[in-house]
Structure formats: structure tokens, C-alpha cells
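**Student:** Have a look at the structure that comes next, please.
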Amino acid sequence: MTYYKFKPYNVGRVVIWSLFAILLLVVPLVFTSQLSATMLAQMGIAIIACLSYNMLLGQGGMLSFGHAVYTGLGSYMAIHALNMVAAGNLHIPVSLVPLVGGLAGMGFAILLGYVTTRKSGTPFAMITMGIAELVFAMSLMFSEFFGGEAGVSGNRVAGDSFWGITYGPQIQIYYLISIYTFICVALMYAFTQTPLGRILNAVRDNPERVEFIGYNTQRVRYFSFIIAGFFAGIAGGLSALNFEIVTAEVVGAGRSGAYLLFTFLGGATFFFGPILGAILMVIAFVLLSEFTKAWLLYLGLLFLFMVMYAPGGFASLLMMNLRVAAFGKLRQIWVSYLGLIVTALVILMGAGAMIEMVYHLQLNDSLGDTLKFTGVTLDAKSIDSWVGSLLVMVTGLGLFEVMRRHYLHEWGEIQTGIENEIKRREAA
Amino acid sequence: MEFFIISMLNGLSYGLLLFMLSSGLTLIFSMMGVLNFAHASFYMAGAYFGYTISKWVGFWPALFVAPVLVGACGAVFERMTLRKVHKFGHVPELLVTFGLSYIVLELVQLIWGRTAVEFPPPEVLRDSAFTLINHSVQGLSVVWGSAPADLCSNADASVRVVCSPFPATRGFMMLVALLMLMSLWLLLTRTRIGLVIQAALTHPEMAESLGHNVPRVFMLVFGAGTGLAGLAGVIGGSTFVTEPAMSATVGSVIFVVVVVGGMGSLSGAFLASILIGVIQTFAVAFDYSFITLCAQLGLSLSDAARENSFVKLTLSQVAPILPYLFLVLILIFRPKGLLGTREG
């Protein structure tokens, strides 16, 4: 008996992926400054890294504190490969150097993942952290491979140029990164549709039942870990090409923490969440750190609130509001959103002014007592500025609470409205 | 011999400090299933609170006030955030404490600055607790306090005299840790609240239906655990350095301790703390490498091999990674930890 299967052509998917490809192509033509060129390249790399991290956190429920080990070791292998290409010892095109990083990441994931994936949940988190510390401590010991304090530097203009592509100009490296980004994102999306990707979700949700239907959960985690390591290594290899220098901090705990933080902020429950997170990560690292010295504090607070009130990250907030919009009810609630945003900004103004004043007292004592904060001149040693900031913050808090209650009420009403609408449609 | 004794005591005191931290961590973990990622941050907070309070009222009141303050902060944190995410499961709980560790680090840098602060131990503890004198003729002897100079200098060139002092802060650290261990044990086994805690540990629903407020017990345990970390912070901060990096240096080691000892096992945590403290202290003291080993075995190495950085590594250089190597080995050969009962 022949079995025919008809699948409708998935228009939505084709449109989304084409838009993604066009976006990657067009973006550097829109943002042409030097800063945006470097930021866009970093975003592409961060997208691969965060998505590969989400393969563990979002799809496998594995909270890793050591993902930078695989991106970082991928970076090191790639930069050594690049130097070998430059010396003429290795005959591969520069465009394929990130793949060397990917294979390295995969190799280390095979080696180290065997130990880490024996456990899940909290022990897994602690073991990945221990391994990360181990690798970081080793990076300072073996200076031949890791380059010690100075790191390893290379030159990506190496080997024969191909069709005039030397990777000298930043725009050429951007397009290389964007091609890799597109292919890796597509592959990682495809992974979620494979049987392994599906069973990985099951291992996350109910490992006991997966054992009962005859799968080895440990092996499922191990295989997924290896694949995640491969993509992480590609991200590392790309960053080695992009920066042309690799230092020990790429395997450090700070980097691993950043992957976790931003993947979660973007949203671990949706495939596209980490892409948002990666874009945020580059913006935070490049722009926010210029804007204020206390940026990690703001980031930590944002993260804490996100975990408590929106565990799905920005992606889930977006999707919930898309649902509201799909039912045409966004009109009822946008005033509340505006109110929430404005009052939150007021709180931030007050609290931010105080934080900046403390930092000013702490660090720039020699520069005098006054500082500029969002156009307002504050005197860090006068009581007026402090009382003023405090008043602004308290007013903001009060108004925010009022808005929040109003918003929650409206939100509840809209959700019941949507549910009634769904029931009505089902009945019809 | 005197080197062995002093190193052993140093290792023990470091191990006991680790235990002060890991006991709170284990208690919180076994009770609430929460791995408090910010535990070392509370340790750091204890050190900085102790530093500030000791500037106002002196070291001894600070030793009591700072841990209480840290414990109160911990209890408030549990009440305000952890209890709210409890329903989401263990990963969000871990993430909340992870976020807290960032915030505490930044707040500490905000308030006390990015460089180390000077937090000296009190007058009484600045001296040595005792000094071991190894006299090549008279043998080994002990002098309480620091030894007078004439005992340590050799009048005769043929007589070798070595004085090894043991710092009083280290002794004090051991004393406090042992007292804490005792009182913790008595509290858990001999008092009513201890029995309630033990009951809530294994059968939270039953304890709740018997009329005990289990969430409040959780809050108290979290507060007590972080308070212990704060106590360790005051002592550790005055003995070692009080700086923003102190939470990172000790943080990962106590996680290793908890895994090696067996998740949720208090006695396992004790054993692992002592073991790791002693191993690390001894490793730091030895300057041996593969070159020394080969020389002792009578093997000769080529000059190229001597320059190899792997061969050149001395044991003291490897010391920082030993706990993690130990962790990996334990996981391969005994996945539930030294004294653990459950497979994680």
C-alpha cells in the first residue's frame, strides 16, 4: 500500500526566514557607522552563542554555568588555526576557520560533557561551574596554548584571497558572520524538529517517563550537549576572526554568566528568545557600559524582576501581547502600558540619580561634587539632590503601584474576554 | 615535622572556614532544594558589614552584629523573592540567587569601592597562638604566643633552630567553627525547633498539617544559613582580605565541597571541607614538579622537555585547580558524593 502524505506549503515559515535573510543583508547598509559595523558583527556571533546555550537551558532544561568553555576553547583553536594558515602550515580557506572552532567546541563537549551530563538539574549546574573554573584556572597555567595574560593574537588577512575577499574590511567579515549566523540559526531550528530535539524536550519535562519509554536520558543530554558545543565553538571561532585576539577571559565565568543572563532575559521558552537576548547583550556590553558604570547593577535588578514576574523573558511578553493584538484588544490596554513605562522611568530616574551619586562619591571624588545625570546637574554632597532623588523615586513607586493594579485588572479582563471569544468560536 | 603540623593546622582551619560556609549551603539545599548561588555573596556581605561595624564599635561586637544583619538580609530576601518563585521550580530559584550575586557584588562595589579595604583582626589575635621550635639538639618544643627572639636564634652555628609560628586568627577561626558546629548539631538534634526543621526537611506536608508554619521555618533556615555565611565572612575577611573578588574565590570552592561531600549531606560537607582545605594547603606549600620527580627517579630529561610548560608546572601552581579535579574524579567514580545518599 502506498502512503501519500500531503503537506501544505508553509508560507509563514518561508516568509519569516526570507525576512531574516534580507534583514541580515540589508542591516549594514542602513547602519553604516564604524560602531554599528562592529556591533552588528558581535550580534551575529552572540546570536549563535545564545541559541546554542538555549539548546541546553530552554530545550533541555540544563542550566549550564560553563558555556563559555566551549565558545572560548573554540576561539582558541580557531585563532591557532588562523595562525597556522598564515604560516602556511594549514591549507584551509579563512572562511572555514570558524568550523575549526566548531569542531574544537564539539571535541571538548564530547570530552567534558561526558562528566557533566551524567547529572541533571542542580548538580549539573554545579558541575558545569566546576569545569568552567577548572578550564579558566588551566588557561592561566598553560601559556603556550592560551597565551598567558596577553592572549593569542592573529591576522585574518591570511592565505589566498578568494574572489577578492580578503576579510580585511569589516564589512566582509560582517557578511561572513551573517552567512554563518543564518545557516547556524536554520540548523539549530531544524534540530528542534528532529526526533532528538523532541525527546530532549521530553527529557526536560519528565525524565522519568522518558526512561520508561526506553530512552537513556543521560545519552539524550550528552548528544544534545555535543551539538550545542559544536555551535558554541562556531560562535567562538567567528569571534576569533572578528576580534583577531583571544584572551583568557573568553573562557571566564563572567562570559558564561552573561550567556545565561541574556538568554534568559531574551526568553528561553521560545526559539527566537535568545536572538532578542543576544541583541540586548551586545547593546548592553557596548552601549550601556559606556553610559553608566553601574550597568551590572541595573542588569542584575532587571534579571531578578524578570525571573520573578516574567520567567519567559521578553519573548514571552512579546508573544502574550501579540495574542492580545490578534484579538484586537491591544487598543484597550495601551494606555496602561504607557503609564507603566512612564512611571517605571520615573522610578529609574530617582534610583539612578542616587546610584550615580554614590558611584561619583566613590570613584570620581577628585572631579568635584557635581555630576550630570540625564541633563540634570546633581551635587553629590548636598542634601537637596538626595532628597530630590528620593522624592522622585518614591513618587514613581507610588504611581507605579497604582498603574500596576489598574493594568492587572485590565489584563485579567482582556484574558477572560479572549477566552470567551475562543469558546464562542469553537461553538460556532 | 613542624612544617607538617603547621600546614596541617592551616589546612584544618581553612577547611573549617569552608565548612562554616558549606554547612549553611547544605542546610538550605537539603531543606528547600535551593542551591543558594549567592551564598558566597552573603559571606562577602558579612566581611564588609563586619568591617564597617568594627570601625564604629570594635571587632567583638561586630562579630555578633554582622552575622545577625546578614541573616536578616537573607531572611528578607527569602521572603521577598525566593518564596515567590518557589512555585516555578528549582531552576528559577537558582536563577534568582544567581541574579542576587550580581546585585550584591555591584552594591558592595558601589558602597565600599572596587579595591580591598583594610579590615585587621583585633589586637589580641594579631600575635601567634603558639610557636613550634625545632631545635636540632633539644628536639621539638611548643611556646605559647610568639617565641622570644633569643629562643629562635642559634648561638652556636652547629645547632639548627627553626621557629614556626601559628597565627592566632587561624586558631580563632578553628575555635569559632568548632563551636558553631557543636551548637548547630545541638540545635538540630536537641531542641524543639531543630526537630521541626528535621521534620520539615523530610516531610514538609506532614509538618504543615501538624500546624507548623513550614514557609516560616524555611525563612528561618535561610536566614540562619546566610547568617553562618556572614559569621564566616567576618572571620575570613579579617584573616584574609576583604575585597569584592572574595566571593568569587571562595564561591566556586564551596560548591565543589557540597558536590564532593554529597548533595544535602551535612557530614559529607564536613568531610569534604576538611579534605579540600588540607589538600589545597599542602599543595601550595610544595614546589615539586615533574622535573623534581624525574630527578628523584633517576630519569634524565632533555632540555626541550624541561622547557615544556606542562612538565615545569609545580604542585603549588596546580593547587588552585585541585578542588575541581577532585570534583571530576568524584563524579566519575562515586557520583553521589562521599557521604551522599541520593543520585542527583
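By order in the C-alpha cells, chains are A, B, ...; within a chain, residues start at 1; ligands start at 1, following the order shown.
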Can you pull out the residues contacting Gly50 of chain B? Cut-off 12 Å, using only C-alpha atoms, and skip same-chain residues under 4 positions away; I want them as a PyMOL selection string.

**Tutor:** chain B and resi 42-46+54-70+117-122+230-238+242

**Student:** Might you pull out every residue within 12 Å of Leu175 of chain B, with only C-alpha atoms counted and same-chain residues fewer than 5 positions away left off, and present them as number ranges by chain?

**Tutor:** B: 9, 12-14, 16-17, 20, 129, 168-170, 180-182, 232, 235

**Student:** Could the residues in this selection be written to a file with N, CA and C atoms, as an mmCIF file, in the first residue's frame?

**Tutor:**
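Contents of the output file selection.cif:
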data_model
loop_
_atom_site.group_PDB
_atom_site.id
_atom_site.type_symbol
_atom_site.label_atom_id
_atom_site.label_comp_id
_atom_site.auth_asym_id
_atom_site.auth_seq_id
_atom_site.Cartn_x
_atom_site.Cartn_y
_atom_site.Cartn_z
ATOM 1 N N LEU B 9 47.522 22.245 60.461
ATOM 2 C CA LEU B 9 46.623 23.136 61.188
ATOM 3 C C LEU B 9 46.068 24.220 60.273
ATOM 4 N N LEU B 12 43.480 22.589 58.218
ATOM 5 C CA LEU B 12 42.272 22.334 59.013
ATOM 6 C C LEU B 12 41.479 23.617 59.209
ATOM 7 N N SER B 13 42.202 24.712 59.508
ATOM 8 C CA SER B 13 41.467 25.953 59.767
ATOM 9 C C SER B 13 40.779 26.437 58.495
ATOM 10 N N TYR B 14 41.467 26.292 57.349
ATOM 11 C CA TYR B 14 40.827 26.684 56.090
ATOM 12 C C TYR B 14 39.628 25.780 55.798
ATOM 13 N N LEU B 16 37.804 24.267 57.982
ATOM 14 C CA LEU B 16 36.699 24.598 58.884
ATOM 15 C C LEU B 16 35.976 25.867 58.429
ATOM 16 N N LEU B 17 36.755 26.813 57.881
ATOM 17 C CA LEU B 17 36.116 28.009 57.329
ATOM 18 C C LEU B 17 35.194 27.618 56.174
ATOM 19 N N MET B 20 32.087 26.244 57.543
ATOM 20 C CA MET B 20 31.133 27.243 58.021
ATOM 21 C C MET B 20 30.236 27.697 56.885
ATOM 22 N N ALA B 129 49.404 32.226 67.955
ATOM 23 C CA ALA B 129 48.770 31.445 69.008
ATOM 24 C C ALA B 129 49.834 30.656 69.761
ATOM 25 N N ALA B 168 47.246 33.467 65.473
ATOM 26 C CA ALA B 168 46.115 33.332 66.390
ATOM 27 C C ALA B 168 44.779 33.422 65.664
ATOM 28 N N THR B 169 44.751 34.203 64.560
ATOM 29 C CA THR B 169 43.493 34.324 63.823
ATOM 30 C C THR B 169 43.028 32.967 63.313
ATOM 31 N N ARG B 170 44.039 32.175 62.883
ATOM 32 C CA ARG B 170 43.707 30.837 62.387
ATOM 33 C C ARG B 170 43.135 29.970 63.508
ATOM 34 N N MET B 180 30.580 26.546 66.448
ATOM 35 C CA MET B 180 29.407 26.644 65.593
ATOM 36 C C MET B 180 28.885 25.262 65.220
ATOM 37 N N LEU B 181 29.834 24.387 64.916
ATOM 38 C CA LEU B 181 29.469 23.020 64.554
ATOM 39 C C LEU B 181 28.712 22.349 65.700
ATOM 40 N N MET B 182 29.252 22.535 66.912
ATOM 41 C CA MET B 182 28.627 21.947 68.095
ATOM 42 C C MET B 182 27.219 22.492 68.287
ATOM 43 N N ALA B 232 31.204 33.534 58.971
ATOM 44 C CA ALA B 232 32.434 33.120 58.294
ATOM 45 C C ALA B 232 33.068 34.314 57.597
ATOM 46 N N ILE B 235 35.102 36.553 60.013
ATOM 47 C CA ILE B 235 36.380 35.943 60.386
ATOM 48 C C ILE B 235 37.297 35.840 59.167
#

**Student:** Considering only C-alpha atoms, extract the chain A residues located within 8 Å of chain B and return them as a PyMOL selection string.

**Tutor:** chain A and resi 63+115+119-123+126-127+129-131+133-134+137-138+141-144+294+296-297+300-301+303-304+307-308+311+355+358-359+362-363

**Student:** So what do you get for atom CA of Tyr407 of chain A versus atom CA of Thr343 of chain A, distance-wise?

**Tutor:** 12.5 Å

**Student:** Taking the DSSP assignment computed from this structure's backbone, write out as a ChimeraX atom specification all residues of segment 178-250 of chain B that belong to alpha helix (DSSP H).

**Tutor:** /B:178-190,192-202,204-209,214-239,246-250

**Student:** What gap, in Å, lies between atom CA of Thr26 of chain B and atom CA of Val76 of chain B?

**Tutor:**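 Between atom CA of Thr26 of chain B and atom CA of Val76 of chain B the gap is 19.6 Å.
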
**Student:** Within 8 Å of segment 216-232 of chain A, counting only C-alpha atoms, which residues qualify if same-chain residues fewer than 4 places away don't, as a VMD selection string?

**Tutor:** chain A and resid 48 to 49 52 to 53 55 to 56 60 67 70 to 71 74 102 to 110 113 to 114 117 to 119 184 196 to 197 199 to 200 203 207 210 to 211 236

**Student:** Keeping only C-alpha atoms, take the residues you just selected and write them out as a PDB file, in the first residue's frame.

**Tutor:**
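Contents of the output file out_28.pdb:
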ATOM      1  CA  ILE A  48      24.755  31.786  17.587  1.00  0.00           C
ATOM      2  CA  ALA A  49      26.204  31.553  21.096  1.00  0.00           C
ATOM      3  CA  SER A  52      23.386  27.180  21.306  1.00  0.00           C
ATOM      4  CA  TYR A  53      23.126  27.940  25.003  1.00  0.00           C
ATOM      5  CA  MET A  55      19.638  24.337  23.332  1.00  0.00           C
ATOM      6  CA  LEU A  56      20.728  23.388  26.848  1.00  0.00           C
ATOM      7  CA  GLY A  60      16.972  20.552  27.629  1.00  0.00           C
ATOM      8  CA  HIS A  67      29.050  27.573  28.301  1.00  0.00           C
ATOM      9  CA  TYR A  70      33.074  25.748  24.565  1.00  0.00           C
ATOM     10  CA  THR A  71      32.892  29.138  22.867  1.00  0.00           C
ATOM     11  CA  GLY A  74      36.601  27.162  20.052  1.00  0.00           C
ATOM     12  CA  GLY A 102      33.118  24.392  15.927  1.00  0.00           C
ATOM     13  CA  LEU A 103      34.884  21.052  15.753  1.00  0.00           C
ATOM     14  CA  ALA A 104      37.015  22.045  18.739  1.00  0.00           C
ATOM     15  CA  GLY A 105      33.927  23.018  20.722  1.00  0.00           C
ATOM     16  CA  MET A 106      32.383  19.704  19.775  1.00  0.00           C
ATOM     17  CA  GLY A 107      35.514  17.790  20.775  1.00  0.00           C
ATOM     18  CA  PHE A 108      35.660  19.435  24.180  1.00  0.00           C
ATOM     19  CA  ALA A 109      31.937  18.875  24.617  1.00  0.00           C
ATOM     20  CA  ILE A 110      32.469  15.175  23.908  1.00  0.00           C
ATOM     21  CA  GLY A 113      30.146  16.668  28.517  1.00  0.00           C
ATOM     22  CA  TYR A 114      30.580  13.026  29.391  1.00  0.00           C
ATOM     23  CA  THR A 117      25.677  15.295  31.557  1.00  0.00           C
ATOM     24  CA  ARG A 118      25.726  12.368  33.948  1.00  0.00           C
ATOM     25  CA  LYS A 119      23.594  14.585  36.152  1.00  0.00           C
ATOM     26  CA  CYS A 184      23.512  28.083  12.183  1.00  0.00           C
ATOM     27  CA  LEU A 196      16.483  14.065  19.200  1.00  0.00           C
ATOM     28  CA  GLY A 197      15.296  17.634  19.695  1.00  0.00           C
ATOM     29  CA  ILE A 199      12.952  13.799  23.007  1.00  0.00           C
ATOM     30  CA  LEU A 200      15.214  16.425  24.559  1.00  0.00           C
ATOM     31  CA  VAL A 203      13.753  14.827  28.999  1.00  0.00           C
ATOM     32  CA  PRO A 207      12.828  12.431  32.585  1.00  0.00           C
ATOM     33  CA  VAL A 210      11.268   9.138  29.075  1.00  0.00           C
ATOM     34  CA  GLU A 211      13.221   6.399  30.836  1.00  0.00           C
ATOM     35  CA  GLY A 236      33.865  31.236  19.306  1.00  0.00           C
TER      36      GLY A 236
END

**Student:** What is the distance, in Å and to one decimal place, between atom CA of Lys381 of chain A and atom CA of His360 of chain A?

**Tutor:**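 Going from atom CA of Lys381 of chain A over to atom CA of His360 of chain A, I get 10.0 Å.
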
**Student:** Which residues are close to segment 199-207 of chain B, i.e. within 8 Å by only C-alpha atoms, leaving aside same-chain residues fewer than 3 positions away? Reply as number ranges by chain.

**Tutor:** B: 30-32, 195-196, 210-212, 214, 217

**Student:** Can you write out the residues you just picked, keeping N, CA and C atoms, as an mmCIF file, in the first residue's frame?

**Tutor:**
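The resulting again_5.cif:
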data_model
loop_
_atom_site.group_PDB
_atom_site.id
_atom_site.type_symbol
_atom_site.label_atom_id
_atom_site.label_comp_id
_atom_site.auth_asym_id
_atom_site.auth_seq_id
_atom_site.Cartn_x
_atom_site.Cartn_y
_atom_site.Cartn_z
ATOM 1 N N SER B 30 19.340 21.077 51.436
ATOM 2 C CA SER B 30 18.621 19.854 51.779
ATOM 3 C C SER B 30 17.207 20.165 52.218
ATOM 4 N N MET B 31 16.999 21.373 52.710
ATOM 5 C CA MET B 31 15.684 21.716 53.191
ATOM 6 C C MET B 31 14.761 22.218 52.080
ATOM 7 N N MET B 32 15.273 23.179 51.308
ATOM 8 C CA MET B 32 14.402 23.828 50.343
ATOM 9 C C MET B 32 14.677 23.366 48.920
ATOM 10 N N LEU B 195 13.890 19.887 65.845
ATOM 11 C CA LEU B 195 13.065 18.738 65.452
ATOM 12 C C LEU B 195 12.070 19.137 64.367
ATOM 13 N N VAL B 196 11.517 20.360 64.517
ATOM 14 C CA VAL B 196 10.580 20.828 63.481
ATOM 15 C C VAL B 196 11.315 20.954 62.148
ATOM 16 N N LEU B 210 0.489 19.350 60.680
ATOM 17 C CA LEU B 210 0.526 19.284 62.142
ATOM 18 C C LEU B 210 0.528 20.678 62.762
ATOM 19 N N GLY B 211 0.435 21.682 61.913
ATOM 20 C CA GLY B 211 0.282 23.031 62.444
ATOM 21 C C GLY B 211 1.545 23.852 62.486
ATOM 22 N N HIS B 212 2.634 23.352 61.877
ATOM 23 C CA HIS B 212 3.848 24.167 61.858
ATOM 24 C C HIS B 212 3.865 25.006 60.595
ATOM 25 N N VAL B 214 5.544 25.918 57.858
ATOM 26 C CA VAL B 214 6.741 25.468 57.147
ATOM 27 C C VAL B 214 7.406 26.598 56.347
ATOM 28 N N VAL B 217 9.532 28.363 58.663
ATOM 29 C CA VAL B 217 10.721 27.571 59.002
ATOM 30 C C VAL B 217 11.752 27.702 57.884
#

**Student:** I'd like to know which residues of segment 79-323 of chain B are strand (DSSP E) (by DSSP, run on the backbone); could you write them as a VMD selection string?

**Tutor:** chain B and resid 128 to 135 139 to 144 161 to 167
